[in-house]
Amino acid sequence: MRKLILFFASNAGLGYAPFASGTVGTLAGIPLFFLMATWPWWLFTITWIALLFLSFWAAEEAGKIYQVADDGRIVIDELVGYLVTIAFLPWSWTAAILGFFWFRLFDIIKPPPANWFDQKMKNGYGVVLDDVMAGIYAAIALRLTLWLIA
């Protein structure tokens with residue numbers, strides 16, 4: 001069970017990147033965006049909710065294994081946050097790349113309430129919810145950017 005937990009928590013090993021593991025972990029979202037962009041909204045939503053609950057569990061259990069709630073190798077939260085950023089958009093490289101950069105920016109700076117989740121909830125929920133909030137901010141920024149360049 002330990003290997004399965006760490007497999008999920010690290011986005012199939014991306015969290016073990018020797019540098020910028022959160023950035024590398026976010027990259028898993030781009031092929032998923034390509035796949036999921038063609039899905040009906042309800043299937044995207046159900047899949048995202050299932051992934052959200054999987055990430056709560058995997059982040060919590062991996063934090064116990066690593067003995068650090070938000071260990072750098074836990075990057076499933078980046079995947080969940082990135083999917084919030086690009087949710088319900090049609091696939092394009094422009095949206096994928098801009099979404100990636102917007103998400104990473106908001107995940108790094110953690111504006112409120114993302115910083116509250118990051119600082120006050122030292123468990124799987126906090127690990128994931130700060131990225132969900134970053135994803136919401138990034139989704140707004142991405143849509144404004146796409147609107148401006150269209």
# chains A, B, ... in the order shown; residues from 1 in each chain; ligands from 1
$ residues_around --residues "Gly99 of chain A" --least-positions-apart "3" --cutoff "8 Å" --atoms "only C-alpha atoms" --output "PyMOL selection string"
chain A and resi 82+85-86+95-96+102-103+138-139+142
$ select_by_dssp --residues "chain A" --states "alpha helix (DSSP H)" --output "PyMOL selection string"
chain A and resi 2-9+21-26+29-36+41-66+76-86+93-109+114-120+124-149
$ closest_residue --among "A:Trp48, A:Glu61, A:Ser10, A:Asp107" --to "Tyr125 of chain A" --atoms "only C-alpha atoms"
A:Glu61
$ residues_around --residues "Ala114 of chain A" --least-positions-apart "4" --cutoff "12 Å" --atoms "only C-alpha atoms" --output "JSON, numbers by chain"
{"A": [81, 106, 107, 108, 109, 110, 118, 119, 120, 121, 125, 126, 127, 128, 129, 130, 131, 132, 133, 134, 135, 136, 137, 138]}
$ residues_around --residues "Gly72 of chain A" --least-positions-apart "6" --cutoff "10 Å" --atoms "only C-alpha atoms" --output "list in words"
Ser10, Gly15, Tyr16, Ala17, Phe19, Ala20, Ser21, Gly22, Gly25, Gly63 and Tyr66 of chain A
$ write_last_selection --atoms "C-alpha atoms" --output "JSON list (two decimals), in the first residue's frame"
[["chain", "number", "residue", "atom", "x", "y", "z"],
["A", 10, "SER", "CA", 4.15, 11.88, -6.53],
["A", 15, "GLY", "CA", 7.57, 14.48, -7.49],
["A", 16, "TYR", "CA", 11.02, 12.90, -7.31],
["A", 17, "ALA", "CA", 12.45, 15.33, -9.86],
["A", 19, "PHE", "CA", 14.68, 20.25, -8.96],
["A", 20, "ALA", "CA", 11.37, 22.17, -8.98],
["A", 21, "SER", "CA", 9.30, 19.10, -8.17],
["A", 22, "GLY", "CA", 6.08, 21.15, -8.00],
["A", 25, "GLY", "CA", 4.51, 17.62, -11.11],
["A", 63, "GLY", "CA", 2.79, 13.17, 4.58],
["A", 66, "TYR", "CA", 7.58, 11.33, 4.85]]
$ decode --residues "segment 61-93 of chain A" --atoms "C-alpha atoms" --output "PDB file, in the first residue's frame"
ATOM      1  CA  GLU A  61      -0.861   9.327   3.848  1.00  0.00           C
ATOM      2  CA  ALA A  62       2.322  10.386   2.030  1.00  0.00           C
ATOM      3  CA  GLY A  63       2.787  13.171   4.578  1.00  0.00           C
ATOM      4  CA  LYS A  64       2.693  10.539   7.318  1.00  0.00           C
ATOM      5  CA  ILE A  65       5.227   8.389   5.458  1.00  0.00           C
ATOM      6  CA  TYR A  66       7.577  11.332   4.846  1.00  0.00           C
ATOM      7  CA  GLN A  67       6.832  12.778   8.315  1.00  0.00           C
ATOM      8  CA  VAL A  68       6.284  16.184   6.692  1.00  0.00           C
ATOM      9  CA  ALA A  69       2.729  17.240   5.845  1.00  0.00           C
ATOM     10  CA  ASP A  70       3.653  19.062   2.629  1.00  0.00           C
ATOM     11  CA  ASP A  71       6.791  17.236   1.518  1.00  0.00           C
ATOM     12  CA  GLY A  72       8.118  18.436  -1.850  1.00  0.00           C
ATOM     13  CA  ARG A  73       7.667  14.985  -3.351  1.00  0.00           C
ATOM     14  CA  ILE A  74       3.886  15.269  -2.906  1.00  0.00           C
ATOM     15  CA  VAL A  75       2.739  16.822  -6.186  1.00  0.00           C
ATOM     16  CA  ILE A  76      -0.707  15.337  -6.798  1.00  0.00           C
ATOM     17  CA  ASP A  77      -2.027  18.650  -5.462  1.00  0.00           C
ATOM     18  CA  GLU A  78      -0.392  20.478  -8.380  1.00  0.00           C
ATOM     19  CA  LEU A  79      -2.253  18.238 -10.805  1.00  0.00           C
ATOM     20  CA  VAL A  80      -5.597  18.919  -9.125  1.00  0.00           C
ATOM     21  CA  GLY A  81      -4.930  22.674  -9.063  1.00  0.00           C
ATOM     22  CA  TYR A  82      -3.863  22.797 -12.705  1.00  0.00           C
ATOM     23  CA  LEU A  83      -7.039  20.969 -13.723  1.00  0.00           C
ATOM     24  CA  VAL A  84      -9.045  23.698 -11.962  1.00  0.00           C
ATOM     25  CA  THR A  85      -7.137  26.269 -14.029  1.00  0.00           C
ATOM     26  CA  ILE A  86      -8.028  24.733 -17.388  1.00  0.00           C
ATOM     27  CA  ALA A  87     -11.442  23.273 -16.486  1.00  0.00           C
ATOM     28  CA  PHE A  88     -14.009  23.403 -19.300  1.00  0.00           C
ATOM     29  CA  LEU A  89     -11.707  25.123 -21.786  1.00  0.00           C
ATOM     30  CA  PRO A  90     -11.153  23.729 -25.263  1.00  0.00           C
ATOM     31  CA  TRP A  91      -7.699  22.273 -25.823  1.00  0.00           C
ATOM     32  CA  SER A  92      -5.023  24.554 -27.237  1.00  0.00           C
ATOM     33  CA  TRP A  93      -1.312  24.838 -26.637  1.00  0.00           C
TER      34      TRP A  93
END
